[in-house]
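Working notes for the structure below.
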Amino acid sequence: MSKTSQLPGFYKVTVAERRKLVAEATGASAAEIAAAVDGGGLDAETADKFVENVIGTYALPLGVTLNVRVNGHDRVVPMVVEEPSVVAAASNAAKMVRSGGGFVAEMDAPIMISQVQLVGVKDADAARTAILGAKDEILAAADKAVPGLVARGGGARGLEVRTLGEAADEMIVVHLLVDCRDAMGANLINSVAERVADRLAALAKGKVGLRILSNLCDTRCVRVTCRVPAAVLATETMDGDAVIDGIVNASRFAELDPYRAATHNKGIMNGIDAVVIATGNDWRAVEAGAHAFAARSGRYSPLSIWRRDGDTLVGRIELPLALGTVGGTLRVHPSARLALQILGITESSELAAVAASVGLASNLAAVRALATDGIQRGHMALHARSVALAAGARGGEVERVATIIVEARDITVENAKRALLVLRGDDGGERGVADDRASGASVAES
Ligand code: MEV
């Protein structure tokens with residue numbers, strides 16, 4: 001746990017100074033931070049052990065979201081993301097939530113679903129009866145496949161037999177429910193499926209089909225709520241009460257329209273994926289689970305909803321989150337281990353609570369911006385820095401060029417190049433950095 005997640009002025013200081021501030025707030029030393037993240041934290045030789053045909057590594061920015069408080073604990077939250085404004089927006093929204101008491105999270109036990117497909121089953125009812133009758137034997141066999149997990153307090157917890165409707169044609173599916181403790185669990189679950197499949201097929205008088213986990217792990221959900229007082233939601237031009245109305249309308253739009261729900265959920269995943277990646281977890285699994293859960297009613301829906309309660313805005317998010325704090329990438333990726341150290345987290349359920357909270361914060365920031373000034377003002381101001389970089393600005397030039405092109409309301413690489421020439425006194429007398437708005441529009445729109 002962090003001593004505090006509030007670090008005023010953090011964005012104004014240098015990268016080295018930020019490392020010191022994070023060290024003071026979390027107990028990870030600045031030297032440990034440097035060692036774990038410089039060069040992306042992963043050398044090519046280690047990367048070569050991760051995947052195949054390695055030719056190098058690919059770095060992304062690692063930032064920290066501040067002001068986050070979950071279930072009464074402050075957390076400095078590492079985020080890996082390439083999109084400007086995601087980290088700043090989440091920090092800003094977390095500050096608003098904090099003024100209403102912070103995020104309140106509840107997590108299911110870390111139960112994952114192992115699927116065994118059985119085909120050629122002539123009598124599904126008889127198969128169900130036989131399999132359920134052998135439940136204790138099957139669960140014991142499942143435990144034998146994962147002795148280490150059982151020693152850590154996890155293991156098989158339940159068994160379900162599912163039929164898949166008329167079209168299934170002699171096919172049934174058995175779900176084994178397995179408590180994975182602090183592991184994400186994919187390998188454990190797959191081992192369990194492979195261990196018990198033959199016996200299940202024999203009981204069902206059928207043949208074994210697929211044996212694999214389900215990424216729709218709706219037995220491993222996290223639910224987070226937050227309450228935000230109207231006063232802190234106000235902008236320069238709208239009072240807090242009107243902002244609440246705007247955010248509730250944005251929520252209802254997403255509840256009614258899958259086209260909007262997809263974008264609403266993308267804003268949530270901006271926060272969640274960034275934490276998932278920073279902590280060395282499988283973001284494709286998280287994405288697959290989140291969107292399948294969003295469509296569970298048969299209609300694609302938002303993962304969060306926002307409502308008014310008097311002069312308070314109330315937000316709620318629910319989604320499956322299979323995250324690990326042990327095993328997998330975490331064993332070998334120094335930056336992922338550092339991320340958990342900065343968070344002060346050892347349990348997977350706590351990590352899920354923080355990731356979902358940051359998802360709700362990202363969502364709040366997005367819908368508040370959309371319901372007030374629009375998203376482009378803040379977004380493009382931050383985007384201007386990467387445009388300045390793309391134009392060739394370096395060091396102190398980046399901020400100066402970004403300021404010039406934002407003030408000129410022409411955030412394009414072309415304009416940034418002109419600003420850079422002027423700054424370097426190398427413009428051949430040309431001073432009109434704001435004039436040519438036609439060129440480079442694609443950058444501003446990207
Ligand atoms: C952009 O990365 C995310 C948003 O589109 C989310 C939303 O529209 O709610 C701003």
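Going by the structure tokens order, chains are called A, B, ..., each with residues numbered from 1, while ligands are numbered from 1 in the order shown.
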
**Study point:** Surroundings of ligand 1 up to 7 Å, based on only C-alpha atoms and all ligand atoms, as a list of chain:residue names
**Key:**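 Protein and nucleic-acid residues within 7 Å of ligand 1: A:Thr263, A:His264, A:Asn265, A:Lys266, A:Gly267, A:Asn270, A:Asn363, A:Ala366, A:Val367, A:Ile375.
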
Suppose we keep N, CA and C atoms; can you now write the selection as a JSON list (two decimals), in the first residue's frame?
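Once everything was written out, this is out_15.json:
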[["chain", "number", "residue", "atom", "x", "y", "z"],
["A", 263, "THR", "N", -17.85, 2.42, -27.36],
["A", 263, "THR", "CA", -16.89, 3.52, -27.12],
["A", 263, "THR", "C", -16.78, 3.83, -25.63],
["A", 264, "HIS", "N", -17.93, 3.77, -24.96],
["A", 264, "HIS", "CA", -17.98, 3.95, -23.50],
["A", 264, "HIS", "C", -17.05, 2.91, -22.85],
["A", 265, "ASN", "N", -17.17, 1.67, -23.30],
["A", 265, "ASN", "CA", -16.35, 0.60, -22.71],
["A", 265, "ASN", "C", -14.88, 0.74, -23.11],
["A", 266, "LYS", "N", -14.63, 1.29, -24.30],
["A", 266, "LYS", "CA", -13.22, 1.54, -24.70],
["A", 266, "LYS", "C", -12.60, 2.51, -23.70],
["A", 267, "GLY", "N", -13.35, 3.52, -23.29],
["A", 267, "GLY", "CA", -12.83, 4.47, -22.31],
["A", 267, "GLY", "C", -12.52, 3.80, -20.98],
["A", 270, "ASN", "N", -9.32, 1.77, -21.43],
["A", 270, "ASN", "CA", -8.11, 2.61, -21.43],
["A", 270, "ASN", "C", -7.41, 2.50, -20.08],
["A", 363, "ASN", "N", -13.35, 6.18, -17.21],
["A", 363, "ASN", "CA", -14.69, 6.35, -17.77],
["A", 363, "ASN", "C", -15.29, 7.69, -17.31],
["A", 366, "ALA", "N", -13.72, 10.55, -19.13],
["A", 366, "ALA", "CA", -14.16, 10.64, -20.52],
["A", 366, "ALA", "C", -15.58, 11.20, -20.62],
["A", 367, "VAL", "N", -16.50, 10.65, -19.83],
["A", 367, "VAL", "CA", -17.90, 11.10, -19.99],
["A", 367, "VAL", "C", -18.09, 12.52, -19.46],
["A", 375, "ILE", "N", -14.09, 16.26, -25.89],
["A", 375, "ILE", "CA", -12.87, 15.52, -25.54],
["A", 375, "ILE", "C", -11.62, 16.15, -26.16]]

- Write out as a list in words each polymer residue whose atoms come within 7 Å of Ala278 in chain A, counting only C-alpha atoms; drop sequence neighbours fewer than 2 positions from it.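 Skipping anything fewer than 2 positions along the chain leaves Pro78, Met79, Val80, Ala274, Val275, Val276, Gly280, Ala336 and Ala339 of chain A.
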
Selection file, all heavy atoms, as an mmCIF file, in the first residue's frame:
data_model
loop_
_atom_site.group_PDB
_atom_site.id
_atom_site.type_symbol
_atom_site.label_atom_id
_atom_site.label_comp_id
_atom_site.auth_asym_id
_atom_site.auth_seq_id
_atom_site.Cartn_x
_atom_site.Cartn_y
_atom_site.Cartn_z
ATOM 1 N N PRO A 78 0.684 2.115 -11.393
ATOM 2 C CA PRO A 78 1.449 2.101 -12.652
ATOM 3 C C PRO A 78 0.542 1.792 -13.842
ATOM 4 O O PRO A 78 -0.324 0.915 -13.760
ATOM 5 C CB PRO A 78 2.465 0.972 -12.442
ATOM 6 C CG PRO A 78 2.496 0.740 -10.978
ATOM 7 C CD PRO A 78 1.113 1.041 -10.490
ATOM 8 N N MET A 79 0.758 2.539 -14.932
ATOM 9 C CA MET A 79 -0.041 2.327 -16.142
ATOM 10 C C MET A 79 0.865 2.365 -17.361
ATOM 11 O O MET A 79 1.676 3.273 -17.500
ATOM 12 C CB MET A 79 -1.125 3.406 -16.268
ATOM 13 C CG MET A 79 -2.179 3.306 -15.185
ATOM 14 S SD MET A 79 -3.366 4.642 -15.259
ATOM 15 C CE MET A 79 -4.405 4.196 -16.620
ATOM 16 N N VAL A 80 0.721 1.403 -18.232
ATOM 17 C CA VAL A 80 1.467 1.379 -19.491
ATOM 18 C C VAL A 80 0.473 1.646 -20.618
ATOM 19 O O VAL A 80 -0.465 0.867 -20.828
ATOM 20 C CB VAL A 80 2.173 0.025 -19.699
ATOM 21 C CG1 VAL A 80 2.716 -0.094 -21.124
ATOM 22 C CG2 VAL A 80 3.316 -0.129 -18.696
ATOM 23 N N ALA A 274 -4.247 -0.546 -19.218
ATOM 24 C CA ALA A 274 -2.956 0.061 -18.868
ATOM 25 C C ALA A 274 -2.403 -0.538 -17.570
ATOM 26 O O ALA A 274 -1.200 -0.765 -17.443
ATOM 27 C CB ALA A 274 -3.112 1.572 -18.740
ATOM 28 N N VAL A 275 -3.283 -0.832 -16.617
ATOM 29 C CA VAL A 275 -2.844 -1.463 -15.360
ATOM 30 C C VAL A 275 -2.504 -2.934 -15.608
ATOM 31 O O VAL A 275 -1.522 -3.467 -15.083
ATOM 32 C CB VAL A 275 -3.956 -1.351 -14.278
ATOM 33 C CG1 VAL A 275 -3.520 -2.030 -12.985
ATOM 34 C CG2 VAL A 275 -4.305 0.108 -14.023
ATOM 35 N N VAL A 276 -3.322 -3.572 -16.431
ATOM 36 C CA VAL A 276 -3.116 -5.000 -16.736
ATOM 37 C C VAL A 276 -1.750 -5.199 -17.410
ATOM 38 O O VAL A 276 -0.978 -6.095 -17.049
ATOM 39 C CB VAL A 276 -4.267 -5.518 -17.634
ATOM 40 C CG1 VAL A 276 -3.983 -6.916 -18.147
ATOM 41 C CG2 VAL A 276 -5.583 -5.505 -16.863
ATOM 42 N N GLY A 280 2.076 -6.978 -15.980
ATOM 43 C CA GLY A 280 2.500 -8.217 -16.649
ATOM 44 C C GLY A 280 1.376 -9.206 -16.878
ATOM 45 O O GLY A 280 1.624 -10.407 -17.017
ATOM 46 N N ALA A 336 7.186 -5.468 -14.425
ATOM 47 C CA ALA A 336 5.906 -5.961 -13.902
ATOM 48 C C ALA A 336 6.005 -6.181 -12.388
ATOM 49 O O ALA A 336 5.084 -5.853 -11.631
ATOM 50 C CB ALA A 336 5.522 -7.257 -14.611
ATOM 51 N N ALA A 339 5.915 -2.893 -10.715
ATOM 52 C CA ALA A 339 4.561 -2.323 -10.698
ATOM 53 C C ALA A 339 3.791 -2.825 -9.469
ATOM 54 O O ALA A 339 3.114 -2.049 -8.788
ATOM 55 C CB ALA A 339 3.827 -2.686 -11.983
#

Which polymer residues have any atom within 8 Å of an atom of range 252-256 of chain A, counting only C-alpha atoms, with same-chain residues fewer than 6 positions away left out, as a ChimeraX atom specification? /A:262,264,301-302,305

One decimal place gives the CA of Asp218 in chain A-CA of Leu200 in chain A separation as 23.2 Å

field: Residues near Glu287 in chain A, cut-off 10 Å, only C-alpha atoms, skip fewer than 4 positions along chain, as JSON, numbers by chain
entry: {"A": [215, 216, 266, 269, 272, 273, 282, 283, 291, 292, 293, 320, 321]}

* Asked: For Asp309 in chain A, which of A:Ala183, A:Leu370, A:Ile212, A:Val248 is the closest residue, counting only C-alpha atoms?
  ->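 Of A:Ala183, A:Leu370, A:Ile212, A:Val248, the one nearest Asp309 in chain A, counting only C-alpha atoms, is A:Val248.
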
Point to revise | Residues of range 94-253 of chain A in alpha helix (DSSP H), written as a PyMOL selection string | key: chain A and resi 94-98+124-133+135-145+147-151+186-204+230-233+240-253

- Quick one: residues within 8 Å of range 139-153 of chain A, only C-alpha atoms counted, chain neighbours fewer than 4 positions away excluded, as an NGL selection string? :A and (135 or 157-159 or 176 or 180-181 or 188 or 191-193 or 195-196)

| Neighbour list for range 105-122 of chain A as an MDAnalysis selection string, cut-off 6 Å, only C-alpha atoms, skip fewer than 4 positions in-chain | chainID A and resid 170:181 189 193 206:214 217 219:224 353

The selected residues should be written to file as a tab-separated table (two decimals), in the first residue's frame (atoms: N, CA, C and O atoms).
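This is the output file selection.tsv:
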chain	number	residue	atom	x	y	z
A	170	GLU	N	-25.64	-33.79	-30.09
A	170	GLU	CA	-24.80	-34.78	-29.38
A	170	GLU	C	-23.58	-34.16	-28.70
A	170	GLU	O	-22.59	-34.83	-28.46
A	171	MET	N	-23.66	-32.85	-28.42
A	171	MET	CA	-22.52	-32.20	-27.75
A	171	MET	C	-22.96	-31.66	-26.39
A	171	MET	O	-24.03	-31.04	-26.29
A	172	ILE	N	-22.17	-31.93	-25.36
A	172	ILE	CA	-22.40	-31.28	-24.06
A	172	ILE	C	-21.08	-30.69	-23.58
A	172	ILE	O	-20.01	-30.99	-24.15
A	173	VAL	N	-21.15	-29.85	-22.56
A	173	VAL	CA	-19.94	-29.20	-22.04
A	173	VAL	C	-19.93	-29.34	-20.53
A	173	VAL	O	-20.96	-29.16	-19.87
A	174	VAL	N	-18.78	-29.69	-20.00
A	174	VAL	CA	-18.63	-29.75	-18.54
A	174	VAL	C	-17.76	-28.59	-18.10
A	174	VAL	O	-16.70	-28.33	-18.69
A	175	HIS	N	-18.23	-27.87	-17.08
A	175	HIS	CA	-17.43	-26.80	-16.48
A	175	HIS	C	-16.87	-27.28	-15.15
A	175	HIS	O	-17.64	-27.73	-14.28
A	176	LEU	N	-15.56	-27.15	-14.99
A	176	LEU	CA	-14.97	-27.36	-13.67
A	176	LEU	C	-14.61	-25.99	-13.13
A	176	LEU	O	-13.96	-25.20	-13.83
A	177	LEU	N	-15.05	-25.72	-11.92
A	177	LEU	CA	-14.78	-24.41	-11.32
A	177	LEU	C	-13.59	-24.56	-10.39
A	177	LEU	O	-13.61	-25.39	-9.47
A	178	VAL	N	-12.54	-23.77	-10.65
A	178	VAL	CA	-11.28	-23.96	-9.93
A	178	VAL	C	-10.84	-22.64	-9.30
A	178	VAL	O	-10.76	-21.61	-9.98
A	179	ASP	N	-10.57	-22.68	-8.00
A	179	ASP	CA	-10.06	-21.51	-7.28
A	179	ASP	C	-8.56	-21.39	-7.57
A	179	ASP	O	-7.78	-22.26	-7.18
A	180	CYS	N	-8.18	-20.30	-8.26
A	180	CYS	CA	-6.78	-20.14	-8.71
A	180	CYS	C	-5.95	-19.28	-7.77
A	180	CYS	O	-4.82	-18.92	-8.11
A	181	ARG	N	-6.53	-18.88	-6.61
A	181	ARG	CA	-5.80	-18.03	-5.66
A	181	ARG	C	-5.22	-16.81	-6.38
A	181	ARG	O	-5.92	-16.12	-7.04
A	189	ILE	N	-5.81	-24.15	-15.20
A	189	ILE	CA	-7.13	-24.54	-15.67
A	189	ILE	C	-7.04	-25.51	-16.84
A	189	ILE	O	-7.81	-26.47	-16.94
A	193	ALA	N	-8.42	-29.40	-17.12
A	193	ALA	CA	-9.30	-29.86	-18.20
A	193	ALA	C	-8.72	-31.12	-18.84
A	193	ALA	O	-9.43	-32.10	-19.11
A	206	GLY	N	-19.19	-40.66	-24.58
A	206	GLY	CA	-18.91	-39.83	-25.76
A	206	GLY	C	-17.41	-39.71	-25.95
A	206	GLY	O	-16.64	-40.50	-25.40
A	207	LYS	N	-17.02	-38.71	-26.73
A	207	LYS	CA	-15.59	-38.50	-27.00
A	207	LYS	C	-15.17	-37.12	-26.51
A	207	LYS	O	-15.98	-36.17	-26.49
A	208	VAL	N	-13.86	-36.98	-26.22
A	208	VAL	CA	-13.33	-35.69	-25.76
A	208	VAL	C	-13.22	-34.72	-26.94
A	208	VAL	O	-12.75	-35.10	-28.01
A	209	GLY	N	-13.66	-33.49	-26.72
A	209	GLY	CA	-13.45	-32.42	-27.70
A	209	GLY	C	-12.39	-31.46	-27.16
A	209	GLY	O	-11.30	-31.87	-26.79
A	210	LEU	N	-12.74	-30.17	-27.06
A	210	LEU	CA	-11.77	-29.18	-26.58
A	210	LEU	C	-11.61	-29.26	-25.06
A	210	LEU	O	-12.56	-29.59	-24.35
A	211	ARG	N	-10.44	-28.87	-24.58
A	211	ARG	CA	-10.17	-28.82	-23.13
A	211	ARG	C	-9.40	-27.53	-22.89
A	211	ARG	O	-8.20	-27.46	-23.13
A	212	ILE	N	-10.09	-26.51	-22.40
A	212	ILE	CA	-9.47	-25.18	-22.32
A	212	ILE	C	-10.26	-24.30	-21.34
A	212	ILE	O	-11.45	-24.53	-21.13
A	213	LEU	N	-9.60	-23.28	-20.80
A	213	LEU	CA	-10.33	-22.34	-19.92
A	213	LEU	C	-11.35	-21.54	-20.72
A	213	LEU	O	-11.26	-21.46	-21.95
A	214	SER	N	-12.30	-20.91	-20.01
A	214	SER	CA	-13.15	-19.92	-20.65
A	214	SER	C	-12.68	-18.54	-20.20
A	214	SER	O	-12.48	-18.30	-19.00
A	217	CYS	N	-14.90	-15.37	-17.60
A	217	CYS	CA	-14.80	-15.88	-16.22
A	217	CYS	C	-15.74	-15.08	-15.32
A	217	CYS	O	-15.31	-14.32	-14.45
A	219	THR	N	-17.40	-15.99	-13.00
A	219	THR	CA	-17.33	-16.42	-11.60
A	219	THR	C	-16.26	-15.62	-10.85
A	219	THR	O	-16.08	-15.80	-9.65
A	220	ARG	N	-15.52	-14.77	-11.58
A	220	ARG	CA	-14.41	-14.01	-10.98
A	220	ARG	C	-14.59	-12.52	-11.27
A	220	ARG	O	-13.74	-11.88	-11.87
A	221	CYS	N	-15.74	-11.99	-10.83
A	221	CYS	CA	-16.06	-10.60	-11.15
A	221	CYS	C	-15.59	-9.65	-10.05
A	221	CYS	O	-15.41	-10.04	-8.90
A	222	VAL	N	-15.43	-8.41	-10.44
A	222	VAL	CA	-15.17	-7.34	-9.48
A	222	VAL	C	-16.24	-6.28	-9.69
A	222	VAL	O	-16.67	-6.03	-10.81
A	223	ARG	N	-16.71	-5.72	-8.57
A	223	ARG	CA	-17.72	-4.65	-8.63
A	223	ARG	C	-17.19	-3.44	-7.86
A	223	ARG	O	-16.74	-3.61	-6.71
A	224	VAL	N	-17.22	-2.27	-8.50
A	224	VAL	CA	-16.70	-1.07	-7.83
A	224	VAL	C	-17.75	0.03	-7.91
A	224	VAL	O	-18.38	0.21	-8.97
A	353	ALA	N	-9.37	-5.12	-7.97
A	353	ALA	CA	-10.13	-3.99	-7.42
A	353	ALA	C	-9.53	-2.67	-7.89
A	353	ALA	O	-10.25	-1.74	-8.28

Pick out the closest residue to Leu21 in chain A from this set: A:Leu330, A:Val64, A:Val401, A:Leu313. Count only C-alpha atoms.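 For Leu21 in chain A, the nearest of the candidates is A:Val64.
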
>> For Ile55 in chain A, find every residue with an atom within 9 Å (counting only C-alpha atoms), except residues of its own chain fewer than 6 positions away, and show them as JSON, numbers by chain.
In response: {"A": [44, 47, 48]}

Restricting the output to N, CA and C atoms, write the selected residues as a PDB file, in the first residue's frame.
ATOM      1  N   ALA A  44      17.041  -7.975 -24.644  1.00  0.00           N
ATOM      2  CA  ALA A  44      16.664  -8.871 -25.752  1.00  0.00           C
ATOM      3  C   ALA A  44      16.886 -10.341 -25.375  1.00  0.00           C
ATOM      4  N   ALA A  47      13.977 -11.362 -23.330  1.00  0.00           N
ATOM      5  CA  ALA A  47      12.799 -11.382 -24.207  1.00  0.00           C
ATOM      6  C   ALA A  47      12.789 -12.642 -25.067  1.00  0.00           C
ATOM      7  N   ASP A  48      13.980 -13.095 -25.431  1.00  0.00           N
ATOM      8  CA  ASP A  48      14.111 -14.286 -26.271  1.00  0.00           C
ATOM      9  C   ASP A  48      13.575 -15.536 -25.575  1.00  0.00           C
TER      10      ASP A  48
END

Correct to one decimal, the distance CA of Gly310 in chain A-CA of Gly359 in chain A is 24.3 Å

* Asked: Which residue out of A:Ala204, A:Gln376, A:Val68, A:Ile404 has the minimum interatomic distance to Gly133 in chain A when only C-alpha atoms are used?
  ->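 For Gly133 in chain A, the nearest of the candidates is A:Ala204.
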
Among range 125-184 of chain A, which residues does DSSP mark as strand (DSSP E) when it is run on the backbone? Keep the chain and numbering as in the structure and answer as a ChimeraX atom specification. /A:155-163,172-179

Residue selection dump (N, CA and C atoms) as a compact mmCIF listing (two decimals), in the first residue's frame:
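The resulting file, out.txt, is shown below:
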# COMPACT_ATOMS: atom_id res chain seq x y z
N GLY A 155 -7.83 -24.86 -5.69
CA GLY A 155 -8.22 -26.18 -6.16
C GLY A 155 -9.64 -26.21 -6.68
N ALA A 156 -10.08 -27.41 -7.07
CA ALA A 156 -11.41 -27.57 -7.68
C ALA A 156 -12.50 -27.31 -6.66
N ARG A 157 -13.51 -26.55 -7.09
CA ARG A 157 -14.59 -26.17 -6.16
C ARG A 157 -15.97 -26.61 -6.63
N GLY A 158 -16.12 -26.88 -7.92
CA GLY A 158 -17.46 -27.24 -8.38
C GLY A 158 -17.44 -27.79 -9.79
N LEU A 159 -18.57 -28.35 -10.18
CA LEU A 159 -18.69 -28.97 -11.50
C LEU A 159 -20.10 -28.73 -12.02
N GLU A 160 -20.20 -28.35 -13.28
CA GLU A 160 -21.52 -28.12 -13.89
C GLU A 160 -21.56 -28.83 -15.24
N VAL A 161 -22.74 -29.37 -15.58
CA VAL A 161 -22.90 -29.96 -16.91
C VAL A 161 -23.86 -29.05 -17.69
N ARG A 162 -23.43 -28.64 -18.89
CA ARG A 162 -24.26 -27.72 -19.67
C ARG A 162 -24.63 -28.34 -21.02
N THR A 163 -25.90 -28.16 -21.38
CA THR A 163 -26.30 -28.53 -22.74
C THR A 163 -26.42 -27.22 -23.52
N ILE A 172 -22.17 -31.93 -25.36
CA ILE A 172 -22.40 -31.28 -24.06
C ILE A 172 -21.08 -30.69 -23.58
N VAL A 173 -21.15 -29.85 -22.56
CA VAL A 173 -19.94 -29.20 -22.04
C VAL A 173 -19.93 -29.34 -20.53
N VAL A 174 -18.78 -29.69 -20.00
CA VAL A 174 -18.63 -29.75 -18.54
C VAL A 174 -17.76 -28.59 -18.10
N HIS A 175 -18.23 -27.87 -17.08
CA HIS A 175 -17.43 -26.80 -16.48
C HIS A 175 -16.87 -27.28 -15.15
N LEU A 176 -15.56 -27.15 -14.99
CA LEU A 176 -14.97 -27.36 -13.67
C LEU A 176 -14.61 -25.99 -13.13
N LEU A 177 -15.05 -25.72 -11.92
CA LEU A 177 -14.78 -24.41 -11.32
C LEU A 177 -13.59 -24.56 -10.39
N VAL A 178 -12.54 -23.77 -10.65
CA VAL A 178 -11.28 -23.96 -9.93
C VAL A 178 -10.84 -22.64 -9.30
N ASP A 179 -10.57 -22.68 -8.00
CA ASP A 179 -10.06 -21.51 -7.28
C ASP A 179 -8.56 -21.39 -7.57

- Have a look at CA of Pro258 in chain A and CA of Ile277 in chain A and let me know their distance in Å, one decimal.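 The value is 26.4 Å.
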
Counting only C-alpha atoms, the residue among A:Gly154, A:Asp245, A:Leu340, A:Val358 that lies closest to Ile33 in chain A is A:Leu340

Check your understanding: From the set A:Gly315, A:Gly185, A:Gly425, A:Gly396, which residue has the shortest atom-to-atom contact distance to Ala285 in chain A, counting only C-alpha atoms?
Key ->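 Of all the options, A:Gly185 lies closest to Ala285 in chain A.
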
Between A:His73, A:Arg284, A:Arg424, A:Lys49, smallest distance to Val332 in chain A by only C-alpha atoms belongs to A:Lys49
